[in-house]
Amino acid sequence: MPTQPSSTEVVAKSGPTRTTGRDLRRLAAVAVVGAGLVGLGMAEYSAPAVAQFKPGTPAETLSFAEIVERVKPAVVSISTTNEVKVADRRGGGGGKPFEGIPGLPEDHPLNEFFKNMPQGQGNPMQQRPRQAAGSGFVVSQDGYIVTNNHVVDGATKVKVSFDDQEEIDAKIVGTDPRTDLALLKIEPKKPLTVVKLADKNPRVGDWVLAVGNPFGLGGTVTAGIVSALARNIGGPYDYMQIDAAVNHGNSGGPTFNLEGDVVGVNTAIYSPTGGNVGIAFAVPADTVKRVVEQLEKGGKVSRGWLGVKIQNIDKDLAGSLGLKEPKGAIISEVMASGPAADAGLKVEDAILQVDDKKIDDSRDLARTIADLPAKSTVDVKVWRDKGEKTVKVKLGTYPANAEAADSTDEQPEEQKDLGGNVDLKQLGLSVKAGPGKDGGVVISDVDPNSDAALKGIKEGDIVLKAGNEKVSSPQDVAKAVKKAQDDGLPAVMFHIKKSGDQTVLVAIPLNKS
């Protein structure tokens with residue numbers, strides 16, 4: 001059976017002139033590092049693209065084939081079945097009437113066919129199986145497999161298959177939605193190829209290989225580099241960004257370094273179109289290690305929980321608090337009956353340190369607390385009333401519904417304009433009376449060119465506190481601003497209640513003119 005020409009051969013044969021061995025090596029290298037540029041219509045490749053390779057390097061050493069041969073047998077395709085409820089298309093028994101087939105023209109005969117079906121008395125909601133696919137990889141000889149939580153979430157059946165396409169039933173050992181990781185277990189019928197999680201973090205620019213099951217095409221290998229580290233795509237944990245092609249079905253699959261170790265688990269892509277655009281995100285190996293260890297032992301991950309809402313401290317907030325630098329995380333809300341409330345932490349406390357770990361920002365604090373065992377006691381150093389204070393806090397267990405628990409305030413009542421507007425020109429805003437359930441005054445106008453506008457303050461927002469004092473009239477706000485000026489503060493802090501019950505702390509610079 002004739003072999004397909006390699007990419008090196010294709011490039012060499014497609015050139016307009018005679019190619020020497022030296023040129024062949026150059027073109028082969030460019031084929032690897034510059035292949036993604038073909039679609040941009042570039043007329044030719046430039047010599048600097050091969051600068052990273054040593055002169056005289058044989059073209060065949062640029063292949064990833066040996067690594068792929070070692071690691072690919074440990075990568076599995078995962079198929080899941082979920083039972084989902086769907087409305088009875090016949091509209092009988094109280095079900096919703098048929099609303100059409102997505103993507104089908106309204107005048108298509110099939111739509112008319114279903115609409116005219118006889119009315120039935122069936123169950124208005126029927127159980128229909130829905131299948132999905134993903135990827136995973138073997139991490140132990142006895143059959144533990146790592147994948148994404150969203151690949152198996154809600155699954156009633158899970159099957160895995162290797163390159164030989166033999167399907168094996170798998171059970172879900174445990175899941176962790178917060179890192180989007182899951183651990184499966186199979187009973188292997190033959191010895192398994194195992195891959196290990198990397199002991200060292202990759203560098204930006206390192207080669208990586210993604211292996212997985214994109215669009216159900218199992219055993220697919222793509223290559224790229226580490227594009228960035230410590231990406232924030234939501235939650236307290238950092239993600240690694242790669243440009244190897246990752247598509248639907250790659251979820252849960254491994255990203256390998258050139259030693260054949262797993263440096264990340266592919267979990268998300270950035271895609272305006274739904275397809276690969278060269279931006280994919282992977283859970284780093286060090287996070288995977290910690291999570292998998294807990295899932296194997298107990299089927300779940302236990303995290304510390306402080307019970308506060310926090311935000312970053314910018315330069316203006318630091319100035320309003322009397323801090324020398326914008327470091328740490330400031331508490332904007334304390335959860336009722338949570339660990340922080342029990343320990344006496346307060347709104348406007350700036351958390352600077354947890355035990356011996358200094359806190360850089362709010363994500364650093366969230367990650368630090370989450371990595372601590374639940375029920376452990378920690379020393380939390382805070383900045384309060386222009387001085388440092390250490391508070392002992394016994395951490396709780398991070399609840400599954402923590403996001404829901406955060407929203408504890410009632411919706412504000414409809415605001416009434418009771419007159420008495422106060423124009424705070426030095427802040428770029430005006431306030432008016434309008435007590436809601438939580439008291440406060442309403443922001444009636446914001447200068448679009450002001451610092452207040454840049455910080456997201458909008459007309460209709462409610463000022464609950466100004467300068468750490470509760471306000472019930474526009475005059476209270478004016479007094480707080482004057483006091484901040486008299487104290488020589490560079491900014492005045494506001495507790496602002498936004499729509500949707502979110503309370504934020506905003507420090508607005510005082511106009512020194």
# chains A, B, ... in the order shown; residues from 1 in each chain; ligands from 1
>>> residues_around(residues="stretch 485-502 of chain A", least_positions_apart="6", cutoff="6 Å", atoms="only C-alpha atoms", output="list in words")
Asp316, Gly319, Ser320, Asp461, Ile462, Val463, Leu464, Lys465, Ala466, Gly467, Ile508, Pro509 and Leu510 of chain A
>>> write_last_selection(atoms="N, CA and C atoms", output="CSV table (one decimal), in the first residue's frame")
chain,number,residue,atom,x,y,z
A,316,ASP,N,-7.1,53.9,43.8
A,316,ASP,CA,-8.0,54.8,44.5
A,316,ASP,C,-8.5,54.2,45.8
A,319,GLY,N,-5.8,54.4,48.3
A,319,GLY,CA,-5.7,55.7,48.9
A,319,GLY,C,-6.8,56.0,49.9
A,320,SER,N,-8.0,55.6,49.6
A,320,SER,CA,-9.1,55.9,50.5
A,320,SER,C,-9.0,55.1,51.8
A,461,ASP,N,-27.9,53.7,40.2
A,461,ASP,CA,-27.2,53.0,41.3
A,461,ASP,C,-27.5,53.6,42.6
A,462,ILE,N,-27.4,52.8,43.7
A,462,ILE,CA,-27.7,53.3,45.0
A,462,ILE,C,-26.5,53.4,45.9
A,463,VAL,N,-26.3,54.5,46.5
A,463,VAL,CA,-25.2,54.7,47.5
A,463,VAL,C,-25.7,54.3,48.8
A,464,LEU,N,-25.1,53.2,49.4
A,464,LEU,CA,-25.5,52.8,50.7
A,464,LEU,C,-24.6,53.4,51.8
A,465,LYS,N,-23.3,53.6,51.5
A,465,LYS,CA,-22.4,54.2,52.5
A,465,LYS,C,-21.4,55.1,51.7
A,466,ALA,N,-21.0,56.1,52.4
A,466,ALA,CA,-19.9,57.0,51.8
A,466,ALA,C,-18.9,57.3,52.9
A,467,GLY,N,-17.6,57.0,52.6
A,467,GLY,CA,-16.6,57.3,53.7
A,467,GLY,C,-16.9,56.4,54.9
A,508,ILE,N,-13.6,56.9,44.5
A,508,ILE,CA,-13.6,57.9,43.4
A,508,ILE,C,-12.6,59.0,43.8
A,509,PRO,N,-11.6,59.3,43.0
A,509,PRO,CA,-10.6,60.3,43.3
A,509,PRO,C,-11.3,61.7,43.5
A,510,LEU,N,-10.8,62.4,44.5
A,510,LEU,CA,-11.2,63.7,44.8
A,510,LEU,C,-10.5,64.7,43.9
>>> residues_around(residues="A:Asp476", least_positions_apart="4", cutoff="10 Å", atoms="only C-alpha atoms", output="list in words")
Val422, Gly440, Val441, Lys465, Ala466, Gly467, Glu469, Lys470, Val471, Ser472, Ala480, Val481 and Lys482 of chain A
>>> write_last_selection(atoms="N, CA and C atoms", output="PDB file, in the first residue's frame")
ATOM      1  N   VAL A 422     -28.173  66.756  45.288  1.00  0.00           N
ATOM      2  CA  VAL A 422     -26.883  67.338  45.646  1.00  0.00           C
ATOM      3  C   VAL A 422     -25.915  67.072  44.509  1.00  0.00           C
ATOM      4  N   GLY A 440     -30.082  54.476  51.891  1.00  0.00           N
ATOM      5  CA  GLY A 440     -29.229  54.951  50.822  1.00  0.00           C
ATOM      6  C   GLY A 440     -29.881  56.032  49.995  1.00  0.00           C
ATOM      7  N   VAL A 441     -29.092  56.539  49.039  1.00  0.00           N
ATOM      8  CA  VAL A 441     -29.581  57.564  48.114  1.00  0.00           C
ATOM      9  C   VAL A 441     -29.269  57.118  46.696  1.00  0.00           C
ATOM     10  N   LYS A 465     -23.307  53.564  51.519  1.00  0.00           N
ATOM     11  CA  LYS A 465     -22.382  54.174  52.475  1.00  0.00           C
ATOM     12  C   LYS A 465     -21.401  55.061  51.719  1.00  0.00           C
ATOM     13  N   ALA A 466     -20.965  56.104  52.356  1.00  0.00           N
ATOM     14  CA  ALA A 466     -19.933  56.982  51.801  1.00  0.00           C
ATOM     15  C   ALA A 466     -18.944  57.264  52.911  1.00  0.00           C
ATOM     16  N   GLY A 467     -17.649  57.046  52.627  1.00  0.00           N
ATOM     17  CA  GLY A 467     -16.645  57.261  53.658  1.00  0.00           C
ATOM     18  C   GLY A 467     -16.876  56.415  54.895  1.00  0.00           C
ATOM     19  N   GLU A 469     -19.596  55.580  56.266  1.00  0.00           N
ATOM     20  CA  GLU A 469     -20.767  55.970  57.046  1.00  0.00           C
ATOM     21  C   GLU A 469     -22.030  55.714  56.224  1.00  0.00           C
ATOM     22  N   LYS A 470     -23.057  55.140  56.872  1.00  0.00           N
ATOM     23  CA  LYS A 470     -24.315  54.930  56.183  1.00  0.00           C
ATOM     24  C   LYS A 470     -24.931  56.278  55.820  1.00  0.00           C
ATOM     25  N   VAL A 471     -25.571  56.310  54.660  1.00  0.00           N
ATOM     26  CA  VAL A 471     -26.180  57.568  54.206  1.00  0.00           C
ATOM     27  C   VAL A 471     -27.678  57.346  54.011  1.00  0.00           C
ATOM     28  N   SER A 472     -28.454  58.366  54.365  1.00  0.00           N
ATOM     29  CA  SER A 472     -29.902  58.312  54.166  1.00  0.00           C
ATOM     30  C   SER A 472     -30.414  59.546  53.445  1.00  0.00           C
ATOM     31  N   ALA A 480     -19.747  63.297  53.859  1.00  0.00           N
ATOM     32  CA  ALA A 480     -18.695  62.284  53.782  1.00  0.00           C
ATOM     33  C   ALA A 480     -17.585  62.710  52.833  1.00  0.00           C
ATOM     34  N   VAL A 481     -17.962  63.360  51.743  1.00  0.00           N
ATOM     35  CA  VAL A 481     -16.971  63.839  50.782  1.00  0.00           C
ATOM     36  C   VAL A 481     -16.124  64.941  51.406  1.00  0.00           C
ATOM     37  N   LYS A 482     -16.785  65.849  52.112  1.00  0.00           N
ATOM     38  CA  LYS A 482     -16.047  66.941  52.756  1.00  0.00           C
ATOM     39  C   LYS A 482     -15.091  66.404  53.824  1.00  0.00           C
TER      40      LYS A 482
END
>>> residues_around(residues="A:Leu372", least_positions_apart="3", cutoff="7 Å", atoms="only C-alpha atoms", output="tab-separated table (two decimals) with N, CA and C atoms, in the first residue's frame")
chain	number	residue	atom	x	y	z
A	303	ARG	N	-12.96	22.01	49.86
A	303	ARG	CA	-12.25	23.30	49.80
A	303	ARG	C	-12.62	24.18	50.98
A	304	GLY	N	-11.65	24.98	51.37
A	304	GLY	CA	-11.93	25.97	52.40
A	304	GLY	C	-12.86	27.04	51.87
A	368	THR	N	-6.10	30.86	47.32
A	368	THR	CA	-5.42	30.50	48.57
A	368	THR	C	-6.38	29.82	49.54
A	369	ILE	N	-7.57	30.39	49.69
A	369	ILE	CA	-8.56	29.81	50.60
A	369	ILE	C	-9.05	28.46	50.07
>>> residues_around(residues="A:Gly154", least_positions_apart="2", cutoff="10 Å", atoms="only C-alpha atoms", output="list in words")
Thr80, Thr81, Asn82, Glu83, Val84, Asn149, His150, Val151, Val152, Thr156 and Lys157 of chain A
>>> residues_around(residues="A:Ala280", least_positions_apart="4", cutoff="9 Å", atoms="only C-alpha atoms", output="number ranges by chain")
A: 240-247, 266-271, 276
>>> atom_distance(atom1="atom CA of A:Trp207", atom2="atom CA of A:Val277")
17.8 Å
>>> residues_around(residues="A:Val283", least_positions_apart="2", cutoff="6 Å", atoms="only C-alpha atoms", output="compact mmCIF listing (two decimals) with C-alpha atoms, in the first residue's frame")
# COMPACT_ATOMS: atom_id res chain seq x y z
CA TYR A 239 -5.53 28.13 32.94
CA GLY A 264 -2.77 20.16 30.96
CA VAL A 265 -6.31 18.92 30.40
>>> select_by_dssp(residues="stretch 209-357 of chain A", states="strand (DSSP E)", output="PyMOL selection string")
chain A and resi 209-212+220-231+239-242+254-256+262-269+280-284+304-305+308-312+329-334+350-354+357
>>> residues_around(residues="A:Ala341", least_positions_apart="2", cutoff="12 Å", atoms="only C-alpha atoms", output="PyMOL selection string")
chain A and resi 305-309+331+333-339+343-347+349+391-396
>>> write_last_selection(atoms="C-alpha atoms", output="PDB file, in the first residue's frame")
ATOM      1  CA  TRP A 305     -14.598  28.691  52.381  1.00  0.00           C
ATOM      2  CA  LEU A 306     -14.388  32.156  53.899  1.00  0.00           C
ATOM      3  CA  GLY A 307     -17.932  33.362  53.238  1.00  0.00           C
ATOM      4  CA  VAL A 308     -17.259  36.802  51.763  1.00  0.00           C
ATOM      5  CA  LYS A 309     -17.547  38.713  48.532  1.00  0.00           C
ATOM      6  CA  ILE A 331     -14.368  42.615  51.487  1.00  0.00           C
ATOM      7  CA  GLU A 333     -19.968  41.784  51.559  1.00  0.00           C
ATOM      8  CA  VAL A 334     -19.918  39.352  54.490  1.00  0.00           C
ATOM      9  CA  MET A 335     -22.206  36.329  54.250  1.00  0.00           C
ATOM     10  CA  ALA A 336     -24.602  35.913  57.158  1.00  0.00           C
ATOM     11  CA  SER A 337     -23.639  33.029  59.464  1.00  0.00           C
ATOM     12  CA  GLY A 338     -20.521  32.299  57.413  1.00  0.00           C
ATOM     13  CA  PRO A 339     -16.983  31.724  58.738  1.00  0.00           C
ATOM     14  CA  ALA A 343     -14.808  35.457  63.173  1.00  0.00           C
ATOM     15  CA  GLY A 344     -15.699  39.158  63.102  1.00  0.00           C
ATOM     16  CA  LEU A 345     -14.437  40.132  59.652  1.00  0.00           C
ATOM     17  CA  LYS A 346     -16.165  43.243  58.313  1.00  0.00           C
ATOM     18  CA  VAL A 347     -17.012  44.989  55.075  1.00  0.00           C
ATOM     19  CA  ASP A 349     -11.549  44.989  55.713  1.00  0.00           C
ATOM     20  CA  VAL A 391      -8.206  37.650  62.942  1.00  0.00           C
ATOM     21  CA  LYS A 392      -8.388  33.882  63.503  1.00  0.00           C
ATOM     22  CA  VAL A 393     -10.902  32.282  61.144  1.00  0.00           C
ATOM     23  CA  LYS A 394     -12.121  28.694  61.128  1.00  0.00           C
ATOM     24  CA  LEU A 395     -12.827  28.012  57.462  1.00  0.00           C
ATOM     25  CA  GLY A 396     -16.033  26.371  56.352  1.00  0.00           C
TER      26      GLY A 396
END
>>> closest_residue(among="A:Arg363, A:Ser376, A:Gln165, A:Ser430", to="A:Ala453", atoms="only C-alpha atoms")
A:Ser430
